[in-house]
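Notes follow the structure.
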Amino acid sequence: MTEDAAHQLIPQVPGWDLVHEVGTWKLHRSWKVKSFTKGLEVFQLVANVAEAEGHHPDLHLVGWNNVKIDIWTHAVGGLTENDFILAAKINGLDLHHLLSKKTAK
């Protein structure tokens with residue numbers, strides 16, 4: 001996928017950012033969660049979607065309450081339409097009960 005195509009699709013996945021790391025375009029999103037264990041619950045919900053899609057993002061729990069997710073297609077070294085589909089499905093998860101009140105929207 002071209003950079004222009006990615007910029008056209010990014011508005012369809014609110015909350016996600018396009019990032020360019022070491023020559024690779026990725027989708028990135030982060031959340032603050034209520035606790036360490038709530039972060040692990042977020043990971044489980046995301047993992048369930050990822051398994052169903054056969055498409056697995058990079059999951060990071062930074063500190064005790066910062067969940068970060070990076071999505072890109074490793075096989076092509078960049079973004080594909082499937083990355084945006086996965087981001088949209090993650091957006092569809094009900095995470096509000098797991099998020100810090102400061103970030104729960």
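Convention: chains lettered A, B, ... in structure tokens order; per-chain residue numbering from 1; ligands numbered from 1 as shown.
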Give me the region 67-103 of chain A side of the contact with region 28-40 of chain A, cut-off 7 Å, one line per residue showing its nearest atom pair and distance in Å at one decimal, counting only C-alpha atoms, sorted by chain and residue number, as a Markdown table.
| residue | atom | partner | partner_atom | distance |
| --- | --- | --- | --- | --- |
| A:Val67 | CA | A:Trp31 | CA | 5.2 |
| A:Lys68 | CA | A:Ser30 | CA | 4.2 |
| A:Ile69 | CA | A:Arg29 | CA | 5.4 |
| A:Asp70 | CA | A:His28 | CA | 4.6 |
| A:Ile71 | CA | A:His28 | CA | 6.5 |
| A:Leu98 | CA | A:Lys38 | CA | 5.4 |
| A:Leu99 | CA | A:Val33 | CA | 4.0 |
| A:Ser100 | CA | A:Lys34 | CA | 4.6 |
| A:Thr103 | CA | A:Lys32 | CA | 6.3 |
In chain A, what's strand (DSSP E or B) per DSSP? Answer as a ChimeraX atom specification? /A:17-21,24-33,58-62,66-71,73,78,99
Go through A:Ala5, A:Pro11, A:Trp25, A:His96 one by one, measure the shortest atom-to-atom distance of each to Gly78 (chain A) using only C-alpha atoms, and give the residue with the smallest value.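 That would be A:Trp25, the residue with the smallest distance to Gly78 (chain A).
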When DSSP is applied to the backbone of this structure, which of region 7-97 of chain A are assigned helix (DSSP H, G or I)? Write them out as a PyMOL selection string. chain A and resi 7-12+36-53+81-91+96-97
Let me make sure I understand: among A:Gln12, A:Thr2, A:Asn66, A:Thr73, which one has the smallest atom-to-atom distance to Lys89 (chain A) if we use only C-alpha atoms?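 Closest to Lys89 (chain A) of all the choices is A:Gln12.
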Thr80 (chain A): which residues within 12 Å, counting only C-alpha atoms, same-chain residues fewer than 3 positions away excluded, as a PyMOL selection string? chain A and resi 1-3+5-6+9-10+24-27+55+71-77+83-87
Option closest in space to His20 (chain A), from A:Leu79, A:Ala50, A:Val42, A:Asp58 [counting only C-alpha atoms]: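 Of A:Leu79, A:Ala50, A:Val42, A:Asp58, the one nearest His20 (chain A) is A:Leu79, counting only C-alpha atoms.
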Tell me which protein, DNA and RNA residues are within 10 Å of Leu45 (chain A), counting only C-alpha atoms, leaving out same-chain ones fewer than 3 positions away, and put them as number ranges by chain. A: 40-42, 48-50, 90, 93-95
Please produce a file of those selected residues containing C-alpha atoms, as a short mmCIF file (atom, residue, chain, number, x, y, z; two decimals), in the first residue's frame.
data_model
loop_
_atom_site.label_atom_id
_atom_site.label_comp_id
_atom_site.auth_asym_id
_atom_site.auth_seq_id
_atom_site.Cartn_x
_atom_site.Cartn_y
_atom_site.Cartn_z
CA LEU A 40 -3.82 -7.99 30.05
CA GLU A 41 -7.59 -8.16 29.59
CA VAL A 42 -7.29 -5.72 26.67
CA ASN A 48 -9.43 -13.10 20.20
CA VAL A 49 -10.09 -10.77 17.25
CA ALA A 50 -6.57 -11.29 15.87
CA ILE A 90 -10.28 -3.54 17.48
CA LEU A 93 -14.32 -3.84 21.03
CA ASP A 94 -15.92 -2.61 24.25
CA LEU A 95 -12.86 -1.54 26.21
#
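Put simply, CA of Gly92 (chain A) is 10.3 Å away from CA of Val46 (chain A).
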